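**Q** You'll find target-v4.cif just under this line, and it carries mmCIF, C-alpha atoms.
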```cif
data_coords
#
loop_
_atom_site.label_atom_id
_atom_site.label_comp_id
_atom_site.auth_asym_id
_atom_site.auth_seq_id
_atom_site.Cartn_x
_atom_site.Cartn_y
_atom_site.Cartn_z
CA MET Q 1 175.29 166.26 162.88
CA GLU Q 2 178.01 165.47 160.30
CA PRO Q 3 181.08 163.37 161.19
CA LYS Q 4 184.28 165.29 161.47
CA LYS Q 5 186.58 162.49 160.18
CA SER Q 6 187.18 161.89 156.47
CA THR Q 7 186.01 158.58 154.95
CA LYS Q 8 189.41 158.16 153.30
CA ALA Q 9 191.13 158.13 156.68
CA ASP Q 10 189.06 155.15 157.92
CA VAL Q 11 191.49 152.21 158.48
CA SER Q 12 188.84 149.53 158.67
CA ARG Q 13 187.60 150.37 155.19
CA ASN Q 14 190.03 147.86 153.39
CA SER Q 15 190.53 145.41 156.27
CA SER Q 16 189.21 142.43 154.34
CA LEU Q 17 191.64 143.04 151.47
CA TYR Q 18 194.59 143.32 153.84
CA PHE Q 19 193.54 140.14 155.60
CA ALA Q 20 193.40 138.19 152.32
CA VAL Q 21 196.82 139.44 151.21
CA GLY Q 22 198.37 138.58 154.56
CA LEU Q 23 196.81 135.12 154.55
CA ALA Q 24 198.14 134.42 151.06
CA LEU Q 25 201.65 135.48 152.11
CA MET Q 26 201.53 133.29 155.19
CA LEU Q 27 200.37 130.27 153.16
CA ALA Q 28 203.14 130.81 150.62
CA LEU Q 29 205.75 131.10 153.36
CA THR Q 30 204.43 127.99 155.11
CA TYR Q 31 204.49 125.99 151.85
CA MET Q 32 208.08 127.01 151.08
CA THR Q 33 209.16 126.12 154.62
CA ILE Q 34 207.60 122.64 154.46
CA ASN Q 35 209.08 121.82 151.04
CA TYR Q 36 212.56 123.08 151.83
CA LYS Q 37 215.18 120.32 151.68
CA SER Q 38 218.79 120.36 152.76
CA TYR Q 39 221.56 117.82 152.11
CA GLU Q 40 224.71 117.08 154.03
CA LYS Q 41 227.79 117.60 152.06
CA GLU Q 42 230.09 114.60 152.20
CA ALA Q 43 233.34 114.12 150.54
CA ILE Q 44 232.97 111.69 147.69
CA ASP Q 45 236.04 109.74 146.85
CA ILE Q 46 235.84 108.58 143.26
CA GLY Q 47 239.25 107.00 143.57
CA GLN Q 48 242.14 107.24 141.23
CA LEU Q 49 243.08 104.77 138.55
CA ASP Q 50 246.67 103.70 138.74
CA LEU Q 51 247.68 102.28 135.41
CA GLU Q 52 251.04 101.13 136.77
CA ASP Q 53 249.38 98.56 139.11
CA LEU Q 54 247.82 96.67 136.19
CA GLU Q 55 249.70 93.53 135.34
CA GLU Q 56 250.54 92.99 131.77
CA GLU Q 57 248.64 90.04 130.38
CA GLU Q 58 250.80 87.57 128.58
CA ILE Q 59 249.31 86.63 125.24
CA PRO Q 60 250.35 83.13 124.20
CA ILE Q 61 251.83 82.77 120.79
CA THR Q 62 249.90 80.30 118.69
CA GLN Q 63 251.20 78.56 115.65
CA GLN Q 64 248.95 77.55 112.78
CA GLU Q 65 249.37 73.98 111.70
CA ILE Q 66 250.07 73.70 108.03
CA VAL Q 67 247.83 71.05 106.48
CA PRO Q 68 249.27 69.61 103.31
CA PRO Q 69 247.00 69.98 100.25
CA PRO Q 70 245.16 66.83 99.09
CA PRO Q 71 246.80 64.86 96.34
CA PRO Q 72 245.58 65.62 92.83
CA PRO Q 73 243.00 63.20 91.37
CA PRO Q 74 244.32 60.46 89.17
CA PRO Q 75 244.16 61.12 85.46
CA PRO Q 76 241.13 59.61 83.65
CA VAL Q 77 241.65 56.20 82.17
CA VAL Q 78 241.68 56.40 78.43
CA PRO Q 79 240.07 53.34 76.79
CA GLU Q 80 242.27 51.48 74.46
CA GLU Q 81 239.67 51.35 71.72
CA ILE Q 82 236.95 53.88 71.04
CA GLU Q 83 233.76 52.42 69.64
CA ILE Q 84 231.78 54.74 67.43
CA VAL Q 85 228.05 54.19 67.58
CA GLU Q 86 225.93 55.47 64.77
CA ASP Q 87 222.94 57.38 66.12
CA GLU Q 88 221.28 57.98 62.80
CA LYS Q 89 218.13 55.92 62.57
CA GLU Q 90 215.52 55.92 59.92
CA ILE Q 91 212.29 57.47 61.17
CA GLU Q 92 209.07 56.52 59.52
CA GLU Q 93 207.03 59.61 58.96
CA THR Q 94 203.29 59.37 59.47
CA VAL Q 95 201.39 61.06 56.74
CA ILE Q 96 198.19 62.67 57.97
CA GLU Q 97 195.66 62.95 55.22
CA SER Q 98 193.40 65.94 55.10
CA THR Q 99 189.77 65.36 56.03
CA GLU Q 100 188.49 68.40 54.20
CA THR Q 101 186.11 67.85 51.31
CA ASP Q 102 185.78 69.71 48.07
CA GLN Q 103 182.66 70.95 46.34
CA GLU Q 104 182.68 68.12 43.80
CA GLU Q 105 182.34 65.37 46.42
CA GLU Q 106 178.87 63.92 46.75
CA ILE Q 107 177.12 64.22 50.10
CA VAL Q 108 175.80 60.94 51.43
CA GLU Q 109 172.38 61.11 52.99
CA VAL Q 110 172.14 59.59 56.44
CA GLU Q 111 169.13 57.47 57.16
CA GLU Q 112 167.29 57.56 60.46
CA ILE Q 113 169.44 56.59 63.42
CA GLU Q 114 167.92 54.17 65.83
CA VAL Q 115 168.89 54.76 69.44
CA GLU Q 116 168.85 51.57 71.44
CA GLU Q 117 167.72 52.02 74.99
CA VAL Q 118 169.91 50.30 77.57
CA GLU Q 119 167.90 48.95 80.43
CA GLU Q 120 169.44 49.66 83.80
CA ASP Q 121 169.34 47.16 86.60
CA ILE Q 122 167.12 48.73 89.22
CA ASP Q 123 166.72 47.24 92.69
CA VAL Q 124 163.30 47.71 94.27
CA PRO Q 125 162.84 46.59 97.91
CA PHE Q 126 160.48 43.68 98.52
CA ASN Q 127 158.24 45.75 100.83
CA VAL Q 128 157.46 48.47 98.24
CA ILE Q 129 157.44 46.50 94.97
CA GLU Q 130 154.29 47.06 92.93
CA ASN Q 131 154.15 43.49 91.62
CA VAL Q 132 155.90 41.06 93.94
CA PRO Q 133 157.86 38.10 92.53
CA ILE Q 134 155.65 35.05 92.38
CA PHE Q 135 156.92 31.83 93.95
CA PRO Q 136 155.77 28.64 92.20
CA GLY Q 137 152.43 27.72 93.71
CA CYS Q 138 151.43 31.31 94.64
CA GLU Q 139 149.94 32.23 91.26
CA LYS Q 140 146.35 31.80 92.45
CA GLU Q 141 146.72 34.25 95.35
CA LYS Q 142 144.83 37.51 94.88
CA GLY Q 143 146.41 40.80 95.76
CA ASN Q 144 150.01 41.82 96.20
CA ASN Q 145 150.04 41.35 99.99
CA ALA Q 146 148.67 37.82 99.71
CA LYS Q 147 151.36 36.91 97.18
CA LYS Q 148 154.05 38.39 99.47
CA GLN Q 149 152.85 36.29 102.40
CA CYS Q 150 152.63 33.18 100.23
CA MET Q 151 156.17 33.70 98.96
CA SER Q 152 157.56 34.20 102.49
CA ASP Q 153 155.82 31.05 103.73
CA LYS Q 154 157.01 28.99 100.76
CA ILE Q 155 160.64 30.10 101.14
CA ALA Q 156 160.62 29.44 104.92
CA LYS Q 157 159.14 25.98 104.40
CA PHE Q 158 161.66 25.19 101.66
CA VAL Q 159 164.63 26.26 103.84
CA ASN Q 160 163.39 24.26 106.84
CA LYS Q 161 163.14 21.17 104.66
CA LYS Q 162 166.51 21.49 102.89
CA PHE Q 163 168.72 22.94 105.65
CA ASN Q 164 170.95 20.48 107.51
CA THR Q 165 170.28 21.44 111.14
CA GLU Q 166 172.64 18.74 112.43
CA LEU Q 167 175.56 20.63 110.90
CA ALA Q 168 175.76 23.02 113.85
CA GLY Q 169 176.22 20.14 116.29
CA ASP Q 170 178.93 18.64 114.07
CA LEU Q 171 180.72 22.01 114.12
CA GLY Q 172 180.68 22.07 117.93
CA LEU Q 173 178.07 24.82 118.21
CA SER Q 174 175.32 24.83 120.81
CA GLY Q 175 172.29 26.86 121.73
CA ARG Q 176 170.33 29.14 119.43
CA GLN Q 177 171.91 29.85 116.07
CA ARG Q 178 170.98 32.75 113.77
CA ILE Q 179 171.95 33.08 110.12
CA ASN Q 180 171.18 36.22 108.09
CA VAL Q 181 170.84 35.62 104.36
CA ILE Q 182 170.44 38.25 101.64
CA PHE Q 183 169.83 37.50 97.97
CA LYS Q 184 168.19 38.97 94.88
CA ILE Q 185 165.49 37.77 92.52
CA ASP Q 186 166.69 39.24 89.22
CA LYS Q 187 164.71 40.40 86.19
CA THR Q 188 164.55 36.84 84.86
CA GLY Q 189 163.38 35.33 88.15
CA ASN Q 190 166.68 33.63 89.05
CA ILE Q 191 168.30 33.75 92.50
CA VAL Q 192 171.56 35.76 92.39
CA GLY Q 193 173.92 37.60 94.75
CA ILE Q 194 173.56 35.25 97.71
CA GLN Q 195 175.26 36.51 100.90
CA ALA Q 196 175.18 34.88 104.33
CA ARG Q 197 176.39 35.85 107.77
CA ALA Q 198 176.59 33.26 110.58
CA PRO Q 199 178.63 32.40 113.71
CA HIS Q 200 180.58 29.81 111.71
CA PRO Q 201 181.73 29.69 108.06
CA GLY Q 202 180.23 26.20 107.77
CA LEU Q 203 176.77 27.57 108.49
CA GLU Q 204 177.25 30.34 105.94
CA LYS Q 205 178.19 27.79 103.30
CA GLU Q 206 175.16 25.63 104.10
CA ALA Q 207 172.83 28.66 103.93
CA LYS Q 208 174.18 29.66 100.50
CA ARG Q 209 173.72 26.09 99.27
CA VAL Q 210 170.09 25.92 100.36
CA ILE Q 211 169.15 29.35 98.95
CA GLY Q 212 170.80 28.42 95.67
CA LEU Q 213 168.33 25.53 95.39
CA LEU Q 214 165.29 27.84 95.36
CA PRO Q 215 163.20 27.40 92.20
CA LYS Q 216 162.97 30.04 89.49
CA MET Q 217 160.23 32.59 90.15
CA LYS Q 218 158.22 35.00 88.11
CA PRO Q 219 160.18 38.29 88.38
CA GLY Q 220 158.79 41.29 90.18
CA LYS Q 221 157.70 44.35 88.23
CA GLN Q 222 157.79 48.06 88.93
CA ARG Q 223 155.73 50.27 86.60
CA GLY Q 224 155.25 47.30 84.31
CA LYS Q 225 158.97 46.53 83.86
CA PRO Q 226 160.88 43.60 85.41
CA VAL Q 227 163.29 44.69 88.16
CA ASN Q 228 165.65 43.15 90.69
CA VAL Q 229 164.09 42.52 94.08
CA PRO Q 230 166.40 42.13 97.13
CA TYR Q 231 165.14 39.71 99.77
CA SER Q 232 166.34 39.23 103.35
CA LEU Q 233 165.79 35.93 105.16
CA PRO Q 234 166.76 35.22 108.80
CA ILE Q 235 167.26 31.52 109.63
CA LEU Q 236 166.88 30.55 113.30
CA PHE Q 237 167.20 27.10 114.85
CA GLN Q 238 168.04 25.59 118.21
CA VAL Q 239 170.88 23.08 118.57
CA GLN Q 240 169.89 20.23 120.83
CA ASP Q 241 172.60 19.49 123.40
#
```
What is this file in structure tokens?
**A**
Amino acid sequence: MEPKKSTKADVSRNSSLYFAVGLALMLALTYMTINYKSYEKEAIDIGQLDLEDLEEEEIPITQQEIVPPPPPPPPPVVPEEIEIVEDEKEIEETVIESTETDQEEEIVEVEEIEVEEVEEDIDVPFNVIENVPIFPGCEKEKGNNAKKQCMSDKIAKFVNKKFNTELAGDLGLSGRQRINVIFKIDKTGNIVGIQARAPHPGLEKEAKRVIGLLPKMKPGKQRGKPVNVPYSLPILFQVQD
């Protein structure tokens, strides 16, 4: 059985479209209602400027002080007599002779030039010297280490014998005294460059005096050549109270 109504006359056919359009209109109306603002109109009085009420400001009249110009400088003093100095001096001219030679000049033949080697003073420490300086009486020792020990013993014995230990008491010092002495045994075996450091200048002077009395030694050698050998010697003694 066929329906009698036409499909175009069915109202519910576009109901979803009508619902969407109506919802959009309601949302738009609601949004406009919420955002609507109104203002109360009030009379704004901006006032009126009355130029007649302004008081005229009195401007004081100032007078510029006239400063008199400074007096003119005094005229320069003219000397009574003018002395004329002659500035012309005779200048001796230096004649520079030419060093150029001509073809007729004989050429002198130069003989062989001997270049003299200058020996530099080289310091080699006592601990690494190849051939230690030999103190008198240590010539018979064999080996470098034995000669080093012999030299140290001889120097210590010599200092103990020559040093005036009573000097510290005379200087008012007490207790244990230490003096550090440094000197060199040069290439000729002489004692040079003596330096001492002690608690009192009197002890330093006495240490330099004693070291200066050391005998001449056989100089030390490094690679077969005589060299300077620095030597350090500490001197310790106790002052009896």
**Q** Here is a test: counting all atoms listed in the file, which residue of Q:Gly22, Q:Gly175, Q:Pro219, Q:Pro73 is nearest to Phe237 of chain Q?
**A** Q:Gly175
**Q** Could you tell me how far atom CA of Ile182 of chain Q sits from atom CA of Lys221 of chain Q, in Å to one decimal place?
**A**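 Interatomic distance, atom CA of Lys221 of chain Q to atom CA of Ile182 of chain Q: 19.5 Å.
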**Q** Report, in Å with one decimal, the straight-line distance from atom CA of Val124 of chain Q to atom CA of Gly189 of chain Q.
**A**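 Those two atoms sit 13.8 Å apart.
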**Q** For the file shown, report as JSON, numbers by chain the outcome of the PyMOL selection byres ((chain Q and resi 150-152) around 8) at residue level.
**A** {"Q": [133, 134, 135, 138, 141, 146, 147, 148, 149, 153, 154, 155, 156]}
**Q** Could you write out that same residue set with C-alpha atoms as a PDB file, in the coordinates of the input?
**A**
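This is the output file result_15.pdb:
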```pdb
ATOM      1  CA  PRO Q 133     157.860  38.100  92.530  1.00  0.00           C
ATOM      2  CA  ILE Q 134     155.650  35.050  92.380  1.00  0.00           C
ATOM      3  CA  PHE Q 135     156.920  31.830  93.950  1.00  0.00           C
ATOM      4  CA  CYS Q 138     151.430  31.310  94.640  1.00  0.00           C
ATOM      5  CA  GLU Q 141     146.720  34.250  95.350  1.00  0.00           C
ATOM      6  CA  ALA Q 146     148.670  37.820  99.710  1.00  0.00           C
ATOM      7  CA  LYS Q 147     151.360  36.910  97.180  1.00  0.00           C
ATOM      8  CA  LYS Q 148     154.050  38.390  99.470  1.00  0.00           C
ATOM      9  CA  GLN Q 149     152.850  36.290 102.400  1.00  0.00           C
ATOM     10  CA  ASP Q 153     155.820  31.050 103.730  1.00  0.00           C
ATOM     11  CA  LYS Q 154     157.010  28.990 100.760  1.00  0.00           C
ATOM     12  CA  ILE Q 155     160.640  30.100 101.140  1.00  0.00           C
ATOM     13  CA  ALA Q 156     160.620  29.440 104.920  1.00  0.00           C
TER      14      ALA Q 156
END
```
**Q** In Å, how far is it from atom CA of Glu206 of chain Q to atom CA of Val229 of chain Q?
**A**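 Interatomic distance, atom CA of Glu206 of chain Q to atom CA of Val229 of chain Q: 22.5 Å.
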**Q** Between Q:Ala198, Q:Leu214, Q:Val67, Q:Ile191, which one has atoms that come closest to Pro136 of chain Q, using all atoms listed in the file?
**A**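 Comparing Q:Ala198, Q:Leu214, Q:Val67, Q:Ile191 against Pro136 of chain Q, the winner is Q:Leu214.
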